[in-house]
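I have placed the structure first, in the form of C-alpha cells, so that the comments after it can refer back to it.
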Amino acid sequence: MSTLNQKTAPLSSTLRLICTDFDGTLAEPENQPISIAFFHRLAAWRQRGQVYWVINTGRTFESLAADLVRRQAPIWPDWVVAMEREIWLVRDRRGIGWFEWNRKCELLHTQLFESVQPLWKLVEDYIVRHTNARLVEDAGSPLGIIASCEEEADEISAYMTPLLKDWPTLVAVRNSIYFRFSHKFYDKGACLDAISSGLRVLPMQIMAVGDHLNDLPMLERRYARHLACPGNAVEEVKEKVRAEGGYVASANVAEGTVEAWDKFFPLPKN
C-alpha cells in the first residue's frame with residue numbers, strides 16, 4: 001500500500017475517528033468478550049456517518065488479530081498501530097502494511113539498535129544480577145523485559161533512565177511490567193498523527209483513549225482534542241489526561257471508554 005486512504009473529512013468538530021488502546025482500555029484479562037456497549041456505540045455513530053476506529057497497541061498485528069477472534073469481536077478496526085510503531089490498514093480482517101511507513105520504521109530501528117550495542121550488555125547484566133525479571137524475545141526489540149511486579153518495574157525504569165541519556169534517540173517503552181526499546185520518533189502519538197493526516201481528519205474530530213504508560217504519547221491535544229482514560233488507568237495517565245483537559249471515567253476498561261465517548265460525543269436524540 002503506497003498511500004493512506006485520502007477520503008476528505010468535513011471541517012467540523014463532529015466525531016470522525018476514535019483511537020483506543022486495546023488491553024486495559026477495551027479488553028479485560030483472560031479472553032473475556034469486549035463489552036458490547038462499545039460496538040453498539042460505534043455502530044450507532046456509523047449510522048450517522050463515517051467514523052474510523054484505530055486500535056493503537058503494543059501487540060503485534062498477529063497477536064491482536066488472534067485475540068479479536070478469540071473474543072468474538074463483531075466489528076474490527078479500520079486501522080491498527082502494532083508494537084507502538086507499525087501501521088496496518090485492515091480489510092476483511094486482514095492487515096495490509098503501510099509500506100513506506102513500516103519500511104522506514106524498520107530501517108531506522110535496525111540502525112539504532114546496532115548503534116547502541118554496549119547498552120544491551122549493561123541492561124542484561126543488571127536484569128540477571130539484580131532483579132527477578134525475565135529477559136524475553138520481543139518482535140520489535142533486541143531485548144524484552146518482564147519484571148516480576150510493578151515495584152520491580154519501577155526500579156528497572158529508574159536504572160535505565162540515566163543510561164539512556166547517552167543514546168538520545170532510544171527510549172524504553174513500558175506497559176505495566178513489560179519493557180521494549182524503540183526509536184523516540186516512533187510512538188503511538190506519531191502513528192495516530194500519520195493516520196489522521198492521511199485521512200484528513202482534524203484533531204478536533206478525534207477521540208483518543210488509553211490506560212497505561214505507553215499510551216502517554218498519544219494522549220495529547222495536538223493529536224486528539226478529546227482525551228480520556230478508563231477508571232482502571234494508572235495514575236500517570238490520569239494525571240496526563242486531566243492536565244490536557246480530558247476526561248477520567250469512573251467505569252473501567254471498555255465501559256469506561258464508552259462513558260468517556262458519551263461525555264464528549266453524546267448520541268443526538270432523534
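Ligands are numbered from 1 in the order shown, residues from 1 within each chain, and chains are lettered A, B, ... in the order they appear in the C-alpha cells.
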With a cut-off of 6 Å, could you pull out the residues of region 122-208 of chain A touching region 219-225 of chain A and give me the nearest pair of atoms for each, distance in Å to one decimal, using only C-alpha atoms, ordered by chain and ascending number, as a tab-separated table?
```
residue	atom	partner	partner_atom	distance
A:Asp193	CA	A:Tyr223	CA	5.9
A:Pro203	CA	A:Ala224	CA	4.4
A:Met204	CA	A:Arg225	CA	5.0
A:Ile206	CA	A:Ala224	CA	4.9
A:Met207	CA	A:Ala224	CA	5.6
```
Region 192-252 of chain A near region 164-175 of chain A within 7 Å: what's each residue's closest atom pair and its distance in Å to one decimal, counting only C-alpha atoms, ordered by chain then ascending residue number, as a Markdown table?
```
| residue | atom | partner | partner_atom | distance |
| --- | --- | --- | --- | --- |
| A:His212 | CA | A:Asn175 | CA | 6.1 |
| A:Leu213 | CA | A:Asn175 | CA | 5.7 |
| A:Asn214 | CA | A:Asn175 | CA | 5.5 |
```
task = Name the residues of region 30-227 of chain A that fall into strand (DSSP E) according to DSSP on the backbone, using the chain letters and numbers of this document, as a ChimeraX atom specification.
result = /A:52-56,79-82,86-91,94-97,134-138,141-146,170-175,178-183,206-209,226-227
Can you spit out the residues from that selection as a short mmCIF file (atom, residue, chain, number, x, y, z; two decimals), in the first residue's frame, using N, CA and C atoms?
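This is the output file selection.cif:
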```cif
data_model
loop_
_atom_site.label_atom_id
_atom_site.label_comp_id
_atom_site.auth_asym_id
_atom_site.auth_seq_id
_atom_site.Cartn_x
_atom_site.Cartn_y
_atom_site.Cartn_z
N TYR A 52 -13.95 6.37 11.72
CA TYR A 52 -12.86 5.41 11.70
C TYR A 52 -12.53 4.96 13.12
N TRP A 53 -12.13 3.70 13.23
CA TRP A 53 -11.66 3.18 14.52
C TRP A 53 -10.25 2.66 14.34
N VAL A 54 -9.34 3.19 15.18
CA VAL A 54 -7.93 2.78 15.20
C VAL A 54 -7.65 2.10 16.53
N ILE A 55 -7.11 0.88 16.49
CA ILE A 55 -6.55 0.27 17.70
C ILE A 55 -5.07 0.55 17.72
N ASN A 56 -4.59 1.17 18.78
CA ASN A 56 -3.21 1.60 18.93
C ASN A 56 -2.60 0.79 20.06
N TRP A 79 -7.98 0.56 11.20
CA TRP A 79 -6.53 0.67 11.22
C TRP A 79 -6.00 0.08 12.52
N VAL A 80 -4.79 -0.43 12.46
CA VAL A 80 -4.11 -0.92 13.65
C VAL A 80 -2.71 -0.33 13.68
N VAL A 81 -2.35 0.21 14.82
CA VAL A 81 -0.95 0.52 15.10
C VAL A 81 -0.43 -0.62 15.97
N ALA A 82 0.55 -1.35 15.47
CA ALA A 82 1.09 -2.52 16.17
C ALA A 82 2.48 -2.21 16.71
N GLU A 86 4.17 0.20 14.00
CA GLU A 86 3.81 -0.24 12.66
C GLU A 86 2.36 0.17 12.36
N ILE A 87 2.08 0.52 11.12
CA ILE A 87 0.73 0.94 10.72
C ILE A 87 0.17 -0.07 9.73
N TRP A 88 -1.04 -0.55 10.04
CA TRP A 88 -1.72 -1.55 9.21
C TRP A 88 -3.14 -1.09 8.89
N LEU A 89 -3.49 -1.15 7.63
CA LEU A 89 -4.88 -1.00 7.19
C LEU A 89 -5.55 -2.36 7.29
N VAL A 90 -6.76 -2.40 7.81
CA VAL A 90 -7.46 -3.67 7.99
C VAL A 90 -8.57 -3.78 6.94
N ARG A 91 -8.51 -4.85 6.18
CA ARG A 91 -9.54 -5.13 5.19
C ARG A 91 -9.91 -6.61 5.30
N ARG A 94 -7.90 -8.73 7.58
CA ARG A 94 -6.50 -8.94 7.24
C ARG A 94 -5.77 -7.61 7.25
N GLY A 95 -4.50 -7.66 7.64
CA GLY A 95 -3.72 -6.44 7.71
C GLY A 95 -2.92 -6.19 6.44
N ILE A 96 -2.98 -4.94 5.96
CA ILE A 96 -2.20 -4.51 4.81
C ILE A 96 -1.24 -3.44 5.33
N GLY A 97 0.04 -3.76 5.37
CA GLY A 97 1.01 -2.84 5.93
C GLY A 97 1.19 -1.60 5.07
N ARG A 134 12.56 -11.24 33.90
CA ARG A 134 12.95 -12.17 32.84
C ARG A 134 13.31 -11.40 31.57
N LEU A 135 14.35 -11.85 30.90
CA LEU A 135 14.68 -11.37 29.57
C LEU A 135 13.97 -12.27 28.56
N VAL A 136 13.24 -11.67 27.63
CA VAL A 136 12.43 -12.45 26.70
C VAL A 136 12.65 -11.94 25.28
N GLU A 137 12.32 -12.77 24.32
CA GLU A 137 12.34 -12.34 22.93
C GLU A 137 11.18 -11.39 22.68
N ASP A 138 11.44 -10.36 21.89
CA ASP A 138 10.41 -9.38 21.54
C ASP A 138 10.49 -9.10 20.05
N SER A 141 12.12 -5.55 19.36
CA SER A 141 13.19 -5.01 20.19
C SER A 141 14.26 -6.07 20.41
N PRO A 142 15.54 -5.67 20.45
CA PRO A 142 16.59 -6.65 20.75
C PRO A 142 16.44 -7.28 22.12
N LEU A 143 15.85 -6.55 23.04
CA LEU A 143 15.60 -7.05 24.38
C LEU A 143 14.15 -6.79 24.77
N GLY A 144 13.53 -7.79 25.35
CA GLY A 144 12.26 -7.61 26.02
C GLY A 144 12.43 -7.95 27.48
N ILE A 145 11.79 -7.22 28.35
CA ILE A 145 11.94 -7.43 29.79
C ILE A 145 10.55 -7.57 30.40
N ILE A 146 10.40 -8.57 31.27
CA ILE A 146 9.17 -8.72 32.04
C ILE A 146 9.56 -8.72 33.51
N LEU A 170 16.99 6.71 21.64
CA LEU A 170 16.49 5.42 22.12
C LEU A 170 15.62 5.63 23.36
N VAL A 171 14.47 4.97 23.39
CA VAL A 171 13.59 5.04 24.55
C VAL A 171 13.20 3.63 24.98
N ALA A 172 12.97 3.48 26.27
CA ALA A 172 12.42 2.24 26.81
C ALA A 172 10.92 2.44 26.94
N VAL A 173 10.16 1.63 26.22
CA VAL A 173 8.70 1.74 26.23
C VAL A 173 8.16 0.76 27.27
N ARG A 174 7.43 1.29 28.23
CA ARG A 174 6.92 0.44 29.31
C ARG A 174 5.41 0.35 29.26
N ASN A 175 4.91 -0.84 29.46
CA ASN A 175 3.49 -1.08 29.65
C ASN A 175 3.36 -2.04 30.82
N TYR A 178 6.07 -4.76 31.52
CA TYR A 178 6.73 -5.13 30.26
C TYR A 178 7.53 -3.95 29.71
N PHE A 179 8.71 -4.24 29.16
CA PHE A 179 9.54 -3.23 28.53
C PHE A 179 10.00 -3.71 27.16
N ARG A 180 10.06 -2.77 26.23
CA ARG A 180 10.76 -2.97 24.97
C ARG A 180 11.46 -1.65 24.65
N PHE A 181 12.33 -1.68 23.64
CA PHE A 181 13.07 -0.48 23.26
C PHE A 181 12.63 -0.02 21.87
N SER A 182 12.69 1.30 21.66
CA SER A 182 12.17 1.85 20.42
C SER A 182 12.88 3.17 20.09
N HIS A 183 12.76 3.57 18.82
CA HIS A 183 13.23 4.89 18.38
C HIS A 183 12.26 5.95 18.91
N ILE A 206 -11.17 13.96 16.68
CA ILE A 206 -10.58 12.70 17.14
C ILE A 206 -10.71 12.56 18.65
N MET A 207 -11.04 11.35 19.09
CA MET A 207 -11.02 10.98 20.49
C MET A 207 -9.98 9.88 20.68
N ALA A 208 -9.12 10.02 21.69
CA ALA A 208 -8.09 9.02 21.98
C ALA A 208 -8.24 8.56 23.43
N VAL A 209 -8.16 7.24 23.63
CA VAL A 209 -8.37 6.66 24.96
C VAL A 209 -7.27 5.64 25.24
N HIS A 226 -9.98 15.35 22.15
CA HIS A 226 -10.85 14.68 23.12
C HIS A 226 -10.09 13.49 23.69
N LEU A 227 -9.56 13.66 24.89
CA LEU A 227 -8.70 12.66 25.52
C LEU A 227 -9.38 12.06 26.72
#
```
ask   = Counting only C-alpha atoms, which of A:Leu163, A:Gly198, A:Ala251, A:Gly24 gets nearest to Val116 (chain A)?
value =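 Smallest separation from Val116 (chain A) among the options: A:Leu163.
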Selection: 12 Å around Leu122 (chain A), only C-alpha atoms, excl. self and same-chain fewer than 3 positions, as a tab-separated table (two decimals) with all heavy atoms, in the first residue's frame:
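Dumped to result-v8.tsv:
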```
chain	number	residue	atom	x	y	z
A	116	VAL	N	23.73	1.01	19.38
A	116	VAL	CA	23.75	1.09	20.85
A	116	VAL	C	24.11	-0.26	21.48
A	116	VAL	O	23.70	-0.56	22.59
A	116	VAL	CB	22.39	1.60	21.40
A	116	VAL	CG1	22.08	2.98	20.88
A	116	VAL	CG2	21.25	0.63	21.06
A	117	GLN	N	24.92	-1.04	20.78
A	117	GLN	CA	25.28	-2.37	21.26
A	117	GLN	C	25.79	-2.40	22.71
A	117	GLN	O	25.45	-3.31	23.47
A	117	GLN	CB	26.33	-3.00	20.33
A	117	GLN	CG	25.80	-3.46	18.99
A	117	GLN	CD	24.81	-4.62	19.11
A	117	GLN	OE1	24.87	-5.40	20.06
A	117	GLN	NE2	23.91	-4.73	18.15
A	118	PRO	N	26.62	-1.44	23.15
A	118	PRO	CA	27.11	-1.51	24.53
A	118	PRO	C	26.00	-1.50	25.58
A	118	PRO	O	26.17	-2.03	26.68
A	118	PRO	CB	27.98	-0.26	24.66
A	118	PRO	CG	28.39	0.06	23.26
A	118	PRO	CD	27.22	-0.33	22.40
A	119	LEU	N	24.87	-0.91	25.23
A	119	LEU	CA	23.78	-0.80	26.20
A	119	LEU	C	23.18	-2.16	26.54
A	119	LEU	O	22.83	-2.43	27.70
A	119	LEU	CB	22.68	0.11	25.66
A	119	LEU	CG	21.43	0.25	26.55
A	119	LEU	CD1	21.78	1.01	27.83
A	119	LEU	CD2	20.31	0.95	25.79
A	125	ASP	N	23.05	-7.58	32.13
A	125	ASP	CA	23.76	-7.88	33.38
A	125	ASP	C	22.97	-7.40	34.59
A	125	ASP	O	22.88	-8.10	35.62
A	125	ASP	CB	25.14	-7.23	33.38
A	125	ASP	CG	26.13	-7.95	32.47
A	125	ASP	OD1	25.79	-9.07	32.01
A	125	ASP	OD2	27.20	-7.40	32.20
A	126	TYR	N	22.38	-6.21	34.48
A	126	TYR	CA	21.61	-5.68	35.60
A	126	TYR	C	20.39	-6.56	35.88
A	126	TYR	O	20.11	-6.90	37.04
A	126	TYR	CB	21.16	-4.25	35.31
A	126	TYR	CG	20.22	-3.71	36.35
A	126	TYR	CD1	20.69	-3.23	37.56
A	126	TYR	CD2	18.83	-3.69	36.13
A	126	TYR	CE1	19.82	-2.74	38.53
A	126	TYR	CE2	17.96	-3.21	37.08
A	126	TYR	CZ	18.46	-2.74	38.28
A	126	TYR	OH	17.59	-2.28	39.24
A	127	ILE	N	19.67	-6.94	34.83
A	127	ILE	CA	18.47	-7.76	35.00
A	127	ILE	C	18.81	-9.10	35.64
A	127	ILE	O	18.15	-9.56	36.58
A	127	ILE	CB	17.76	-7.96	33.64
A	127	ILE	CG1	17.25	-6.63	33.08
A	127	ILE	CG2	16.61	-8.97	33.79
A	127	ILE	CD1	16.25	-5.92	33.95
A	128	VAL	N	19.86	-9.74	35.14
A	128	VAL	CA	20.23	-11.07	35.64
A	128	VAL	C	20.75	-11.02	37.07
A	128	VAL	O	20.41	-11.86	37.91
A	128	VAL	CB	21.28	-11.70	34.70
A	128	VAL	CG1	21.84	-12.98	35.31
A	128	VAL	CG2	20.66	-11.99	33.34
A	129	ARG	N	21.55	-10.02	37.39
A	129	ARG	CA	22.23	-9.98	38.69
A	129	ARG	C	21.43	-9.32	39.81
A	129	ARG	O	21.64	-9.62	40.98
A	129	ARG	CB	23.57	-9.26	38.54
A	129	ARG	CG	24.56	-9.98	37.64
A	129	ARG	CD	25.85	-9.18	37.52
A	129	ARG	NE	26.81	-9.86	36.64
A	129	ARG	CZ	28.02	-9.38	36.35
A	129	ARG	NH1	28.42	-8.24	36.90
A	129	ARG	NH2	28.81	-10.05	35.54
A	130	HIS	N	20.55	-8.41	39.44
A	130	HIS	CA	19.94	-7.58	40.48
A	130	HIS	C	18.41	-7.63	40.53
A	130	HIS	O	17.81	-6.93	41.35
A	130	HIS	CB	20.37	-6.12	40.29
A	130	HIS	CG	21.86	-5.92	40.36
A	130	HIS	ND1	22.56	-5.99	41.53
A	130	HIS	CD2	22.76	-5.68	39.38
A	130	HIS	CE1	23.85	-5.79	41.29
A	130	HIS	NE2	24.00	-5.60	40.00
A	143	LEU	N	15.85	-6.55	23.04
A	143	LEU	CA	15.60	-7.05	24.38
A	143	LEU	C	14.15	-6.79	24.77
A	143	LEU	O	13.62	-5.70	24.54
A	143	LEU	CB	16.49	-6.34	25.42
A	143	LEU	CG	17.96	-6.73	25.53
A	143	LEU	CD1	18.61	-5.91	26.64
A	143	LEU	CD2	18.12	-8.21	25.79
A	159	TYR	N	16.70	2.54	36.88
A	159	TYR	CA	18.08	2.17	36.49
A	159	TYR	C	18.37	2.59	35.06
A	159	TYR	O	19.46	3.11	34.75
A	159	TYR	CB	18.27	0.66	36.63
A	159	TYR	CG	19.54	0.16	35.99
A	159	TYR	CD1	20.78	0.34	36.61
A	159	TYR	CD2	19.51	-0.48	34.75
A	159	TYR	CE1	21.95	-0.10	36.00
A	159	TYR	CE2	20.68	-0.93	34.14
A	159	TYR	CZ	21.90	-0.73	34.78
A	159	TYR	OH	23.05	-1.16	34.18
A	160	MET	N	17.43	2.39	34.16
A	160	MET	CA	17.69	2.65	32.74
A	160	MET	C	17.64	4.12	32.37
A	160	MET	O	18.27	4.53	31.38
A	160	MET	CB	16.70	1.85	31.88
A	160	MET	CG	16.93	0.35	31.93
A	160	MET	SD	16.07	-0.56	30.63
A	160	MET	CE	14.35	-0.22	31.06
A	163	LEU	N	21.02	5.73	31.93
A	163	LEU	CA	21.76	5.07	30.86
A	163	LEU	C	21.33	5.59	29.49
A	163	LEU	O	22.16	5.80	28.59
A	163	LEU	CB	21.53	3.55	30.90
A	163	LEU	CG	22.18	2.75	32.03
A	163	LEU	CD1	21.83	1.28	31.87
A	163	LEU	CD2	23.69	2.94	32.05
A	164	LEU	N	20.05	5.80	29.33
A	164	LEU	CA	19.51	6.18	28.03
A	164	LEU	C	19.89	7.60	27.62
A	164	LEU	O	19.75	7.97	26.46
A	164	LEU	CB	17.98	6.03	28.04
A	164	LEU	CG	17.47	4.60	28.14
A	164	LEU	CD1	15.96	4.57	28.32
A	164	LEU	CD2	17.87	3.78	26.92
```
task = Give me every alpha helix (DSSP H) residue in region 48-268 of chain A, going by DSSP on the backbone, as JSON, numbers by chain.
result = {"A": [61, 62, 63, 64, 65, 66, 67, 68, 69, 70, 99, 100, 101, 102, 103, 104, 105, 106, 107, 108, 109, 110, 111, 112, 113, 114, 115, 117, 118, 119, 120, 121, 122, 123, 124, 125, 126, 127, 128, 129, 130, 150, 151, 152, 153, 154, 155, 156, 157, 158, 159, 160, 161, 162, 163, 164, 188, 189, 190, 191, 192, 193, 194, 195, 196, 197, 198, 199, 235, 236, 237, 238, 239, 240, 241, 242, 243, 253, 254, 255, 256, 257, 258, 259, 260, 261, 262, 263, 264]}
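With only C-alpha atoms taken into account, the protein and nucleic acid residues at most 6 Å from region 254-264 of chain A (excluding it and anything under 2 positions from it in its own chain) are Thr25, Leu26, Ser35, Phe38, Pro230, Ala249, Ala251, Asn252 and Pro266 of chain A.
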Atoms kept (C-alpha atoms) for selection, written as a PDB file, in the first residue's frame:
```pdb
ATOM      1  CA  THR A  25      -8.804   0.120  27.577  1.00  0.00           C
ATOM      2  CA  LEU A  26     -11.128  -2.233  25.695  1.00  0.00           C
ATOM      3  CA  SER A  35     -18.170  -5.019  26.279  1.00  0.00           C
ATOM      4  CA  PHE A  38     -18.518  -0.249  22.727  1.00  0.00           C
ATOM      5  CA  PRO A 230     -10.969   4.429  31.909  1.00  0.00           C
ATOM      6  CA  ALA A 249     -14.047   7.844  33.546  1.00  0.00           C
ATOM      7  CA  ALA A 251     -16.093   2.900  34.932  1.00  0.00           C
ATOM      8  CA  ASN A 252     -13.279   0.548  33.954  1.00  0.00           C
ATOM      9  CA  PRO A 266     -23.413  12.036  23.172  1.00  0.00           C
TER      10      PRO A 266
END
```
key: For CA of Ala139 (chain A) and CA of Glu151 (chain A), the interatomic separation in Å (one decimal)   =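 Distance reported for this atom pair: 25.1 Å.
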key: Residues within 12 Å of Ala43 (chain A), only C-alpha atoms, excluding chain neighbours under 5 positions, as an NGL selection string   = :A and (36-38 or 48-53 or 74-77 or 267)
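For the pair CA of Met218 (chain A) and CA of Asp21 (chain A), the separation is 9.8 Å.
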message = So that I can see what lies close to Val69 (chain A), please list as a PyMOL selection string the residues with an atom at most 12 Å from it, counting only C-alpha atoms and leaving out residues fewer than 2 positions away in the same chain.
response = chain A and resi 31-34+62-67+71-76+93-94
How would the residues just chosen look if you wrote them out with N, CA and C atoms as a short mmCIF file (atom, residue, chain, number, x, y, z; two decimals), in the first residue's frame?
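So result_13.cif came out as:
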```cif
data_model
loop_
_atom_site.label_atom_id
_atom_site.label_comp_id
_atom_site.auth_asym_id
_atom_site.auth_seq_id
_atom_site.Cartn_x
_atom_site.Cartn_y
_atom_site.Cartn_z
N ASN A 31 -9.28 -13.26 28.20
CA ASN A 31 -10.08 -13.51 27.00
C ASN A 31 -11.58 -13.26 27.16
N GLN A 32 -11.95 -12.45 28.13
CA GLN A 32 -13.37 -12.11 28.24
C GLN A 32 -13.81 -11.29 27.03
N PRO A 33 -15.06 -11.43 26.60
CA PRO A 33 -15.53 -10.61 25.48
C PRO A 33 -15.43 -9.12 25.79
N ILE A 34 -15.14 -8.33 24.78
CA ILE A 34 -15.16 -6.88 24.94
C ILE A 34 -16.60 -6.44 25.12
N GLU A 62 -0.45 -9.75 14.48
CA GLU A 62 -0.93 -11.14 14.53
C GLU A 62 -1.52 -11.46 15.90
N SER A 63 -0.89 -10.98 16.96
CA SER A 63 -1.40 -11.21 18.31
C SER A 63 -2.75 -10.54 18.50
N LEU A 64 -2.87 -9.31 18.04
CA LEU A 64 -4.14 -8.59 18.18
C LEU A 64 -5.24 -9.29 17.39
N ALA A 65 -4.95 -9.66 16.14
CA ALA A 65 -5.96 -10.31 15.30
C ALA A 65 -6.45 -11.60 15.94
N ALA A 66 -5.52 -12.39 16.48
CA ALA A 66 -5.91 -13.65 17.12
C ALA A 66 -6.80 -13.39 18.33
N ASP A 67 -6.51 -12.32 19.07
CA ASP A 67 -7.31 -12.02 20.25
C ASP A 67 -8.68 -11.48 19.88
N ARG A 71 -12.03 -13.27 21.21
CA ARG A 71 -13.04 -12.50 21.95
C ARG A 71 -14.32 -12.27 21.14
N GLN A 72 -14.32 -12.80 19.92
CA GLN A 72 -15.50 -12.73 19.05
C GLN A 72 -15.95 -11.28 18.83
N ALA A 73 -15.01 -10.42 18.51
CA ALA A 73 -15.33 -9.02 18.26
C ALA A 73 -16.21 -8.91 17.02
N PRO A 74 -17.40 -8.31 17.14
CA PRO A 74 -18.30 -8.23 15.99
C PRO A 74 -17.88 -7.20 14.95
N ILE A 75 -17.06 -6.23 15.35
CA ILE A 75 -16.54 -5.22 14.44
C ILE A 75 -15.03 -5.16 14.62
N TRP A 76 -14.30 -5.08 13.53
CA TRP A 76 -12.84 -4.95 13.60
C TRP A 76 -12.45 -3.51 13.30
N ARG A 93 -10.60 -8.34 7.79
CA ARG A 93 -9.90 -8.91 8.94
C ARG A 93 -8.45 -9.30 8.62
N ARG A 94 -7.90 -8.73 7.58
CA ARG A 94 -6.50 -8.94 7.24
C ARG A 94 -5.77 -7.61 7.25
#
```
